[in-house]
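S.K.: Below is the file protein00.cif, which contains mmCIF, C-alpha atoms and all ligand atoms.
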```
data_model
#
loop_
_atom_site.label_atom_id
_atom_site.label_comp_id
_atom_site.auth_asym_id
_atom_site.auth_seq_id
_atom_site.Cartn_x
_atom_site.Cartn_y
_atom_site.Cartn_z
CA MET V 1 20.02 20.24 -15.12
CA ARG V 2 17.23 19.10 -12.81
CA GLN V 3 18.29 18.51 -9.20
CA SER V 4 18.64 14.80 -8.40
CA ILE V 5 16.23 13.25 -5.88
CA ILE V 6 18.81 10.69 -4.81
CA PRO V 7 20.99 12.18 -2.04
CA LEU V 8 24.42 13.27 -3.27
CA THR V 9 26.13 11.35 -0.47
CA GLU V 10 24.60 8.13 -1.77
CA ILE V 11 26.02 8.73 -5.24
CA GLN V 12 29.40 9.66 -3.81
CA LYS V 13 29.41 6.53 -1.70
CA LYS V 14 28.74 4.36 -4.75
CA LEU V 15 31.38 6.13 -6.80
CA ARG V 16 33.85 5.56 -4.01
CA GLU V 17 32.96 1.88 -3.93
CA PHE V 18 33.87 1.74 -7.61
CA LYS V 19 37.13 3.57 -6.78
CA LEU V 20 36.17 6.61 -8.86
CA SER V 21 37.52 9.20 -6.43
CA GLY V 22 38.26 11.69 -9.22
CA MET V 23 34.52 11.76 -9.93
CA VAL V 24 33.68 11.92 -6.21
CA ASN V 25 35.86 15.00 -5.74
CA ALA V 26 34.52 16.80 -8.79
CA LEU V 27 30.86 15.87 -8.48
CA GLU V 28 29.60 18.89 -6.56
CA ILE V 29 31.52 21.39 -8.65
CA ARG V 30 30.40 19.79 -11.90
CA LEU V 31 26.76 19.69 -10.73
CA THR V 32 26.83 23.40 -9.92
CA GLN V 33 28.52 24.08 -13.24
CA ALA V 34 25.93 22.01 -15.07
CA THR V 35 23.11 24.01 -13.50
CA ASP V 36 24.81 27.38 -14.04
CA GLU V 37 25.81 26.74 -17.63
CA ASN V 38 22.78 24.65 -18.52
CA LEU V 39 24.92 21.72 -19.67
CA GLY V 40 23.42 18.66 -21.35
CA TYR V 41 23.55 15.22 -19.71
CA THR V 42 26.22 13.80 -21.99
CA GLU V 43 28.36 16.93 -21.61
CA PHE V 44 28.08 16.72 -17.83
CA LEU V 45 28.93 13.03 -17.80
CA SER V 46 31.90 13.37 -20.12
CA MET V 47 33.35 16.18 -17.95
CA LEU V 48 33.00 14.06 -14.86
CA LEU V 49 34.70 11.12 -16.59
CA GLU V 50 37.52 13.42 -17.69
CA ASP V 51 37.99 14.41 -14.02
CA GLU V 52 38.54 10.75 -13.25
CA VAL V 53 41.02 10.37 -16.13
CA VAL V 54 43.02 13.38 -14.92
CA ARG V 55 43.04 12.12 -11.33
CA ARG V 56 44.36 8.73 -12.42
CA ALA V 57 47.05 10.24 -14.63
CA ASP V 58 48.18 12.46 -11.71
CA ASN V 59 48.33 9.48 -9.39
CA LYS V 60 50.32 7.46 -11.89
CA ARG V 61 52.75 10.34 -12.44
CA GLY V 62 53.11 10.79 -8.68
CA ARG V 63 53.85 7.09 -8.24
CA LEU V 64 56.42 7.13 -11.05
CA TYR V 65 58.24 10.11 -9.54
CA LYS V 66 58.22 8.62 -6.07
CA LYS V 67 59.48 5.25 -7.23
CA ALA V 68 62.36 6.89 -9.11
CA LYS V 69 63.98 7.92 -5.77
CA LEU V 70 65.70 10.97 -7.27
CA PRO V 71 68.03 12.73 -4.79
CA PHE V 72 66.75 16.14 -5.96
CA GLU V 73 64.76 17.59 -8.83
CA LYS V 74 66.78 19.75 -11.19
CA GLY V 75 66.16 19.94 -14.89
CA ILE V 76 68.15 20.75 -18.00
CA GLU V 77 66.88 24.33 -17.74
CA ASP V 78 68.68 24.62 -14.38
CA PHE V 79 72.00 23.60 -15.90
CA ASP V 80 74.42 26.37 -16.86
CA PHE V 81 76.03 25.11 -20.06
CA THR V 82 78.28 28.18 -20.35
CA PHE V 83 79.99 27.06 -17.15
CA GLN V 84 80.79 23.64 -18.63
CA PRO V 85 81.73 24.21 -22.29
CA SER V 86 82.99 20.64 -22.77
CA ILE V 87 79.33 19.54 -22.66
CA LYS V 88 77.42 20.16 -25.86
CA LYS V 89 73.93 21.33 -24.98
CA GLN V 90 72.64 19.96 -28.28
CA GLU V 91 73.85 16.51 -27.34
CA ILE V 92 72.11 16.62 -23.95
CA LEU V 93 68.92 17.82 -25.65
CA GLU V 94 69.12 14.82 -27.96
CA PHE V 95 69.32 12.52 -24.92
CA ALA V 96 66.38 14.42 -23.44
CA THR V 97 64.21 13.06 -26.25
CA CYS V 98 64.72 9.67 -24.53
CA ARG V 99 65.38 7.89 -27.82
CA PHE V 100 68.39 6.26 -26.16
CA ILE V 101 65.99 4.67 -23.67
CA GLU V 102 63.77 3.34 -26.43
CA LYS V 103 66.88 1.89 -28.10
CA LYS V 104 68.02 0.40 -24.75
CA GLU V 105 71.31 2.26 -24.99
CA ASN V 106 73.53 3.34 -22.14
CA LEU V 107 75.01 6.65 -21.18
CA LEU V 108 78.12 7.43 -19.25
CA PHE V 109 79.03 10.68 -17.52
CA ILE V 110 82.67 10.95 -16.59
CA GLY V 111 84.13 13.90 -14.74
CA GLN V 112 85.58 15.22 -11.52
CA PRO V 113 83.31 15.73 -8.47
CA GLY V 114 80.98 18.71 -8.76
CA THR V 115 80.97 18.89 -12.53
CA GLY V 116 77.26 18.16 -12.83
CA LYS V 117 77.15 14.42 -13.51
CA THR V 118 74.38 13.73 -11.02
CA HIS V 119 72.53 16.90 -12.04
CA LEU V 120 72.44 15.87 -15.71
CA SER V 121 71.43 12.30 -14.86
CA VAL V 122 68.56 13.60 -12.75
CA ALA V 123 67.58 16.04 -15.51
CA LEU V 124 67.38 13.18 -18.02
CA ALA V 125 65.46 11.10 -15.48
CA LEU V 126 62.88 13.88 -15.21
CA GLU V 127 62.52 13.94 -19.00
CA ALA V 128 62.01 10.18 -18.99
CA LEU V 129 59.42 10.37 -16.19
CA GLY V 130 57.60 13.11 -18.09
CA ARG V 131 57.26 10.62 -20.94
CA GLY V 132 55.79 8.00 -18.61
CA LYS V 133 58.95 5.90 -18.40
CA THR V 134 59.93 4.14 -15.20
CA VAL V 135 63.19 5.21 -13.58
CA LEU V 136 65.28 4.16 -10.60
CA PHE V 137 68.11 6.25 -9.22
CA THR V 138 70.64 4.66 -6.88
CA THR V 139 74.31 4.93 -6.09
CA VAL V 140 76.43 1.96 -7.11
CA TRP V 141 77.37 1.56 -3.47
CA GLU V 142 73.78 1.42 -2.25
CA MET V 143 72.80 -1.13 -4.90
CA ILE V 144 75.78 -3.33 -4.16
CA ASN V 145 75.05 -3.21 -0.42
CA ILE V 146 71.41 -4.10 -0.87
CA LEU V 147 72.26 -7.02 -3.14
CA GLN V 148 74.91 -8.30 -0.74
CA GLN V 149 72.48 -8.16 2.17
CA SER V 150 69.80 -9.85 0.13
CA ARG V 151 72.07 -12.85 -0.41
CA ALA V 152 72.13 -13.31 3.35
CA ASP V 153 68.34 -13.33 3.72
CA TYR V 154 67.60 -15.16 0.44
CA SER V 155 65.75 -12.23 -1.14
CA TYR V 156 68.37 -11.88 -3.90
CA GLN V 157 66.16 -12.99 -6.80
CA ARG V 158 63.41 -10.61 -5.71
CA ARG V 159 65.80 -7.73 -5.03
CA ILE V 160 67.54 -8.01 -8.35
CA GLN V 161 64.21 -7.40 -10.12
CA ILE V 162 64.13 -3.90 -8.64
CA TYR V 163 67.17 -3.06 -10.74
CA LEU V 164 66.07 -4.95 -13.85
CA LYS V 165 62.54 -3.59 -14.18
CA PRO V 166 62.84 0.17 -14.71
CA ASP V 167 63.17 1.54 -18.25
CA LEU V 168 66.08 3.63 -17.01
CA LEU V 169 68.46 2.68 -14.20
CA ILE V 170 70.82 5.38 -12.94
CA LEU V 171 73.92 4.10 -11.17
CA ASP V 172 75.59 7.08 -9.57
CA GLU V 173 79.16 7.35 -8.33
CA LEU V 174 80.98 4.41 -9.81
CA GLY V 175 84.61 4.41 -8.75
CA TYR V 176 84.53 6.34 -5.48
CA ARG V 177 85.34 3.06 -3.79
CA SER V 178 86.75 -0.10 -5.27
CA MET V 179 84.64 -3.21 -5.12
CA ALA V 180 85.39 -6.57 -3.62
CA GLU V 181 85.13 -9.55 -5.94
CA SER V 182 81.71 -10.76 -4.81
CA THR V 183 80.24 -7.28 -5.21
CA VAL V 184 81.65 -6.95 -8.73
CA GLU V 185 79.74 -10.12 -9.59
CA ASP V 186 76.50 -8.48 -8.45
CA PHE V 187 77.29 -5.39 -10.46
CA PHE V 188 78.05 -7.54 -13.50
CA GLU V 189 74.80 -9.45 -13.01
CA ILE V 190 72.80 -6.23 -13.30
CA VAL V 191 74.75 -4.91 -16.26
CA SER V 192 74.60 -8.14 -18.23
CA ARG V 193 70.94 -8.81 -17.52
CA ARG V 194 69.99 -5.30 -18.60
CA TYR V 195 72.14 -5.60 -21.72
CA GLU V 196 69.98 -4.66 -24.74
CA LYS V 197 66.92 -4.83 -22.46
CA GLY V 198 67.05 -1.56 -20.53
CA SER V 199 69.12 1.61 -20.38
CA ILE V 200 71.64 2.46 -17.73
CA ILE V 201 73.15 5.84 -16.95
CA ILE V 202 76.42 5.57 -15.05
CA THR V 203 78.30 8.45 -13.51
CA SER V 204 81.94 8.08 -12.60
CA ASN V 205 84.85 10.19 -11.47
CA ARG V 206 87.22 7.78 -13.21
CA SER V 207 87.80 7.33 -16.90
CA ILE V 208 87.13 3.91 -18.40
CA HIS V 209 90.78 2.85 -18.58
CA GLU V 210 90.93 3.26 -14.78
CA TRP V 211 88.01 0.94 -14.15
CA ASN V 212 90.29 -2.00 -13.55
CA LYS V 213 91.15 -0.22 -10.29
CA VAL V 214 87.46 -0.16 -9.42
CA PHE V 215 86.59 -3.74 -10.33
CA ILE V 216 90.03 -5.11 -9.43
CA ASP V 217 89.55 -8.41 -11.27
CA LYS V 218 90.74 -8.00 -14.89
CA THR V 219 88.39 -10.53 -16.48
CA LEU V 220 85.34 -9.10 -14.81
CA THR V 221 86.39 -5.58 -15.69
CA SER V 222 86.53 -6.38 -19.38
CA ALA V 223 83.26 -8.31 -19.18
CA VAL V 224 81.50 -5.35 -17.54
CA VAL V 225 83.06 -2.80 -19.88
CA ASP V 226 82.13 -4.94 -22.90
CA ARG V 227 78.42 -5.15 -22.09
CA LEU V 228 78.19 -1.60 -20.85
CA LEU V 229 79.95 0.13 -23.69
CA HIS V 230 78.58 -1.87 -26.61
CA HIS V 231 75.62 0.48 -27.09
CA CYS V 232 76.79 3.47 -25.14
CA SER V 233 77.53 7.17 -25.42
CA ALA V 234 80.18 8.58 -23.14
CA ILE V 235 80.18 12.21 -22.12
CA GLU V 236 83.39 13.42 -20.61
CA ILE V 237 83.13 16.61 -18.59
CA LYS V 238 86.51 18.25 -18.59
CA GLY V 239 85.70 21.35 -16.56
CA GLU V 240 86.05 22.19 -12.90
CA SER V 241 83.67 21.78 -9.96
CA TYR V 242 80.61 24.02 -9.94
CA ARG V 243 80.47 23.78 -6.15
CA VAL V 244 84.03 25.04 -5.74
CA ARG V 245 83.47 27.91 -8.17
CA LYS V 246 80.30 29.00 -6.37
CA ARG V 247 82.13 29.09 -3.06
CA GLN V 248 84.85 31.36 -4.38
P1 LIG V 301 78.74 15.58 -9.59
O1 LIG V 301 77.65 14.59 -9.58
O2 LIG V 301 79.48 15.63 -10.88
O3 LIG V 301 79.67 15.46 -8.44
P2 LIG V 301 76.55 17.41 -9.17
O4 LIG V 301 75.71 17.12 -10.34
O5 LIG V 301 76.13 16.84 -7.88
O6 LIG V 301 78.08 17.01 -9.46
O7 LIG V 301 76.71 18.97 -9.03
C1 LIG V 301 77.03 19.60 -7.81
C2 LIG V 301 76.08 20.75 -7.56
O8 LIG V 301 76.35 21.80 -8.49
C3 LIG V 301 74.63 20.38 -7.76
O9 LIG V 301 73.85 21.14 -6.86
C4 LIG V 301 74.35 20.80 -9.19
O10 LIG V 301 73.00 21.15 -9.37
C5 LIG V 301 75.25 22.02 -9.36
N1 LIG V 301 75.80 22.15 -10.70
C6 LIG V 301 76.85 21.47 -11.23
N2 LIG V 301 77.14 21.89 -12.46
C7 LIG V 301 76.24 22.86 -12.75
C8 LIG V 301 75.99 23.71 -13.89
N3 LIG V 301 76.78 23.64 -14.98
N4 LIG V 301 74.97 24.59 -13.82
C9 LIG V 301 74.18 24.66 -12.73
N5 LIG V 301 74.36 23.91 -11.62
C10 LIG V 301 75.37 23.03 -11.62
MG MG V 302 77.32 13.17 -8.12
#
```
Can you give me the file's structure in the form of structure tokens?

M.R.:
Amino acid sequence: MRQSIIPLTEIQKKLREFKLSGMVNALEIRLTQATDENLGYTEFLSMLLEDEVVRRADNKRGRLYKKAKLPFEKGIEDFDFTFQPSIKKQEILEFATCRFIEKKENLLFIGQPGTGKTHLSVALALEALGRGKTVLFTTVWEMINILQQSRADYSYQRRIQIYLKPDLLILDELGYRSMAESTVEDFFEIVSRRYEKGSIIITSNRSIHEWNKVFIDKTLTSAVVDRLLHHCSAIEIKGESYRVRKRQ
């Protein structure tokens, strides 16, 4: 390709003005390549455009991952299924297809501390993110606290959207502490407004029939359980703690 008479910096400046930084970054390399390989104009231009497409996809993926607020990144491949035989790998792989998210269904992991509930939730979150879905990970406690605070400064309606928007909401550690009445109402608000609209994964160290100890109020407990379990798969992990075993 013939060398351009317009200075490269001028072109880069214009590209930057149009927010085409993927093209800016690749321009010099692609120009050299075009000269070396004797590329045609259209070929050169389409490569440069592809560089922009890739850059935008990377940025979007980066944003999705960051917004998900995962506590760590561990996948299904990092999970030792032989250690936890009560979990069927096939079943987890089915959830990894993210069909349950498309169907707005919920998922419940119940088991003692250290049995891999958070790990599996994060693994499914990574699968969802890989498919371009939006995810938010939070502990129940953190969500409840934020919503309570937001009532004080009148940002409640705005705050609640954070938990309604994502395709998948992960509520970790239900049941480690019991909830006061007003906080159960916030929890119920999220569950009922996501009902048939967006998936929730909940992890809990307590089985469902013990949830009345968590929510205290009987009516609210049954209301929460109703909405949550209507379209829901529950996975009960019966094994022992992976952490404890590793220490021994
Ligand atoms: P829980 O949320 O049930 O308390 P975690 O998912 O936090 O347990 O697991 C505790 C730690 O042990 C994490 O670092 C997790 O990656 C690891 N872990 C748990 N179960 C397994 C497993 N079956 N194979 C590999 N790592 C595991
Ligand atoms: Mg956990």

S.K.: Could you tell me how far CA of Glu127 (chain V) lies from CA of Leu174 (chain V), in Å and to one decimal?

M.R.: 22.7 Å

S.K.: Can you work out which one of V:Asp80, V:Glu28, V:Glu50, V:Asp172 has the shortest atom-to-atom distance to ligand MG 302 (chain V), counting all atoms listed in the file?

M.R.: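 Of all the options, V:Asp172 lies closest to ligand MG 302 (chain V).
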
S.K.: Need the shell around region 128-143 of chain V: protein/DNA/RNA residues with any atom at most 10 Å away, counting only C-alpha atoms. Skip same-chain ones fewer than 4 positions apart. Format as a PyMOL selection string?

M.R.: chain V and resi 57+60-71+95-99+101-102+118+121-124+147-149+159-160+162-179+183+186-187+190+199-204

S.K.: Pick the closest to ligand LIG 301 (chain V) from V:Gln84, V:Gln161, V:Thr219, V:Ser207: which is it, counting all atoms listed in the file?

M.R.: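 Residue with the minimum atom-to-atom distance to ligand LIG 301 (chain V): V:Gln84.
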
S.K.: As number ranges by chain, please: the residues near Leu49 (chain V) (cut-off 12 Å, all atoms listed in the file, same-chain neighbours under 6 positions excluded).

M.R.: V: 15, 20-27, 30, 42-43, 55-56

S.K.: Between V:Leu228, V:Ile146, V:Ile110, V:Leu126, which residue has the minimum interatomic distance to ligand LIG 301 (chain V), considering only C-alpha atoms and all ligand atoms?

M.R.: V:Ile110

S.K.: Interatomic distance between atom O7 of ligand LIG 301 (chain V) and CA of Ala234 (chain V)?

M.R.: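 Between atom O7 of ligand LIG 301 (chain V) and CA of Ala234 (chain V) the gap is 17.9 Å.
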
S.K.: Neighbouring residues of ligand LIG 301 (chain V) are defined here as those with any atom at most 8 Å from a ligand atom, counting all atoms listed in the file; list them as number ranges by chain.

M.R.: V: 74, 78-84, 111-121, 172-173, 203, 205, 241-243

S.K.: Using Å and a single decimal, report how far CA of Phe100 (chain V) sits from CA of Leu220 (chain V).

M.R.: 25.5 Å

S.K.: I need the residue nearest ligand MG 302 (chain V) from this list: V:Thr32, V:His209, V:Phe72, V:Glu196. Use only C-alpha atoms and all ligand atoms for the distance.

M.R.: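 Going through V:Thr32, V:His209, V:Phe72, V:Glu196 one by one, the smallest distance to ligand MG 302 (chain V) is for V:Phe72.
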
S.K.: Go through V:Arg194, V:Glu17, V:Phe109, V:Glu185 one by one, measure the shortest atom-to-atom distance of each to ligand MG 302 (chain V) using all atoms listed in the file, and give the residue with the smallest value.

M.R.: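 The closest residue to ligand MG 302 (chain V) is V:Phe109.
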
S.K.: May I ask which of the residues V:Asp217, V:Glu52, V:Glu181, V:Glu77 is the closest one to Lys19 (chain V), counting only C-alpha atoms?

M.R.: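 The closest residue to Lys19 (chain V) is V:Glu52.
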
S.K.: Near Leu31 (chain V), counting only C-alpha atoms, which residues have an atom at most 12 Å away, once you skip same-chain residues fewer than 3 positions from it, shown as a list in words?

M.R.: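 Non-adjacent residues within range: Met1, Arg2, Gln3, Ser4, Leu8, Met23, Val24, Asn25, Ala26, Leu27, Glu28, Ala34, Thr35, Asp36, Glu37, Asn38, Leu39, Gly40, Tyr41, Glu43, Phe44, Leu45, Met47 and Leu48 of chain V.
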